[in-house]
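**Student:** Starting off with a structure, shown below.
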Amino acid sequence: MKRALVAAERGAGVLLNINLMDTKMSEKPSFRLRPLEQRDLEAVAVFEGEIAKISFPDDPITDTNFYVKKLKQLMANKDAAAFVAESGGEVVGWANVSQRQNFITKEKYADFHSIYVAPSQRGGGVVAALVTAVFDWCESKKLDKVVFRTRADNERMKSVLARVGFVPTQIYYEKAFDGDRGGK
């Protein structure tokens, strides 16, 4: 049997070998994925508020009622999918995606809108499982491309996106006018 070893740098340059085969193949992850349900709306609305704080730090929408309404619309959208990760009876992560069409080229593509994992569950494979569920949905819809938008300074999200194969393709610029139109 092959043994998978990973070298990890810890502390003051100490190199540790971690045997990835120590986990029994029969062990199940401590979470399960399932489609978004009505009972999840409040928890996911809170996640969306947390995302808003990162994405729109100057003026985040954190009203859970706002997000519950949006989530109900999402659940009714036949061209969208939403997944939750559940652990111990609690929602610990979520992701959603929808099918879009370019209004010029008419090309259909996937718009990966949100992904969030509770801090207590980060590093435990939840992100990878949610991304896989989104990619599987895209494949089932025969979509050739998926896009994801994130804030330019959201390094954590940019790292996740790069890890799962996304590459940056566009830059969005913004200029605020604070009463001064002089170009500063």
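Lettering and numbering for the structure tokens are positional, with chains as A, B, ... in the shown order, residues counted from 1 in each chain, and ligands counted from 1 in the shown order.
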List every residue of chain A that DSSP, applied to the backbone of this structure, assigns to helix (DSSP H, G or I), and report them as a PyMOL selection string.

**Tutor:** chain A and resi 20-22+38-55+64-76+119-121+126-140+155-163

**Student:** Those same residues, written as a short mmCIF file (atom, residue, chain, number, x, y, z; two decimals), in the first residue's frame with C-alpha atoms?

**Tutor:**
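See selection02.cif below for the written result:
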data_model
loop_
_atom_site.label_atom_id
_atom_site.label_comp_id
_atom_site.auth_asym_id
_atom_site.auth_seq_id
_atom_site.Cartn_x
_atom_site.Cartn_y
_atom_site.Cartn_z
CA LEU A 20 -2.40 11.11 5.33
CA MET A 21 -3.22 7.40 5.37
CA ASP A 22 -3.64 7.39 9.17
CA GLN A 38 -36.69 26.14 4.81
CA ARG A 39 -35.38 25.29 8.29
CA ASP A 40 -31.90 26.57 7.30
CA LEU A 41 -32.91 30.08 6.26
CA GLU A 42 -32.13 31.90 9.52
CA ALA A 43 -28.67 30.32 9.89
CA VAL A 44 -27.76 30.95 6.26
CA ALA A 45 -29.07 34.53 6.51
CA VAL A 46 -26.61 35.09 9.36
CA PHE A 47 -23.81 33.67 7.15
CA GLU A 48 -24.81 36.08 4.38
CA GLY A 49 -24.58 38.96 6.86
CA GLU A 50 -21.05 37.84 7.73
CA ILE A 51 -20.16 37.72 4.04
CA ALA A 52 -21.57 41.25 3.64
CA LYS A 53 -19.29 42.55 6.40
CA ILE A 54 -16.30 41.33 4.40
CA SER A 55 -17.60 42.24 0.94
CA THR A 64 -31.39 38.65 8.44
CA ASN A 65 -34.92 39.32 7.19
CA PHE A 66 -33.45 40.80 4.01
CA TYR A 67 -31.48 37.60 3.40
CA VAL A 68 -34.32 35.26 4.36
CA LYS A 69 -36.43 36.89 1.65
CA LYS A 70 -33.60 36.48 -0.90
CA LEU A 71 -33.08 32.86 0.15
CA LYS A 72 -36.75 32.06 -0.34
CA GLN A 73 -36.47 33.42 -3.88
CA LEU A 74 -33.35 31.33 -4.40
CA MET A 75 -35.13 28.17 -3.28
CA ALA A 76 -37.86 28.83 -5.87
CA PRO A 119 -15.02 29.49 11.75
CA SER A 120 -15.19 26.36 13.93
CA GLN A 121 -15.37 24.17 10.82
CA VAL A 126 -16.23 21.68 4.31
CA VAL A 127 -15.10 24.22 1.70
CA ALA A 128 -13.83 21.46 -0.58
CA ALA A 129 -17.07 19.52 -0.25
CA LEU A 130 -19.23 22.58 -0.95
CA VAL A 131 -17.13 23.56 -3.97
CA THR A 132 -17.35 19.99 -5.28
CA ALA A 133 -21.14 20.08 -4.91
CA VAL A 134 -21.26 23.35 -6.86
CA PHE A 135 -18.96 22.01 -9.58
CA ASP A 136 -21.00 18.79 -9.82
CA TRP A 137 -24.18 20.85 -10.25
CA CYS A 138 -22.47 22.88 -13.00
CA GLU A 139 -21.46 19.68 -14.74
CA SER A 140 -24.99 18.28 -14.46
CA GLU A 155 -7.19 37.40 0.50
CA ARG A 156 -8.78 34.40 2.25
CA MET A 157 -11.40 34.00 -0.50
CA LYS A 158 -8.87 34.60 -3.28
CA SER A 159 -6.74 31.83 -1.78
CA VAL A 160 -9.69 29.42 -1.69
CA LEU A 161 -10.60 30.28 -5.28
CA ALA A 162 -7.04 29.72 -6.50
CA ARG A 163 -6.86 26.42 -4.61
#

**Student:** List as number ranges by chain the protein and nucleic acid residues near Ala80 (chain A), meaning an atom at most 6 Å away when only C-alpha atoms are counted, but skip any in the same chain fewer than 3 places from it.

**Tutor:** A: 77, 97-98

**Student:** According to DSSP computed on the backbone, where in region 57-139 of chain A is there strand (DSSP E)? Give the residues as a short mmCIF file (atom, residue, chain, number, x, y, z; two decimals) with C-alpha atoms, in the first residue's frame.

**Tutor:**
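Saved to result09.cif:
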data_model
loop_
_atom_site.label_atom_id
_atom_site.label_comp_id
_atom_site.auth_asym_id
_atom_site.auth_seq_id
_atom_site.Cartn_x
_atom_site.Cartn_y
_atom_site.Cartn_z
CA ALA A 80 -30.10 27.67 -9.07
CA ALA A 81 -28.79 25.32 -6.42
CA ALA A 82 -27.94 25.86 -2.78
CA PHE A 83 -26.13 23.44 -0.51
CA VAL A 84 -25.60 23.41 3.23
CA ALA A 85 -23.08 21.56 5.34
CA GLU A 86 -24.56 20.23 8.54
CA SER A 87 -22.72 19.00 11.61
CA GLU A 90 -26.40 22.66 12.93
CA VAL A 91 -25.74 24.37 9.61
CA VAL A 92 -21.99 25.03 9.49
CA GLY A 93 -21.54 26.09 5.89
CA TRP A 94 -23.34 26.92 2.70
CA ALA A 95 -22.81 27.64 -0.98
CA ASN A 96 -25.03 28.69 -3.85
CA VAL A 97 -24.79 28.87 -7.61
CA SER A 98 -27.10 29.77 -10.45
CA GLN A 99 -27.17 29.47 -14.19
CA ARG A 100 -26.79 32.73 -16.11
CA GLN A 101 -26.65 33.70 -19.75
CA LYS A 108 -24.70 29.95 -20.54
CA TYR A 109 -22.44 29.85 -17.51
CA ALA A 110 -22.56 29.30 -13.76
CA ASP A 111 -22.48 32.20 -11.31
CA PHE A 112 -21.10 30.94 -8.00
CA HIS A 113 -22.58 33.53 -5.64
CA SER A 114 -21.70 32.59 -2.08
CA ILE A 115 -19.74 30.23 0.05
CA TYR A 116 -19.33 30.43 3.80
CA VAL A 117 -18.03 28.05 6.44
#

**Student:** If we count only C-alpha atoms and set the cut-off at 12 Å, which residues sit around Tyr172 (chain A), ignoring sequence neighbours fewer than 3 positions away in its own chain? Please answer as a PyMOL selection string.

**Tutor:** chain A and resi 149-152+168-169+175

**Student:** Taking C-alpha atoms for each residue, export the selection above as a PDB file, in the first residue's frame.

**Tutor:**
ATOM      1  CA  ARG A 149     -16.723  37.617  -7.695  1.00  0.00           C
ATOM      2  CA  THR A 150     -14.946  38.679  -4.534  1.00  0.00           C
ATOM      3  CA  ARG A 151     -13.583  41.843  -3.028  1.00  0.00           C
ATOM      4  CA  ALA A 152     -10.071  42.740  -4.210  1.00  0.00           C
ATOM      5  CA  PRO A 168      -8.529  36.105 -11.993  1.00  0.00           C
ATOM      6  CA  THR A 169      -9.769  37.438 -15.329  1.00  0.00           C
ATOM      7  CA  LYS A 175     -13.994  55.848  -7.563  1.00  0.00           C
TER       8      LYS A 175
END
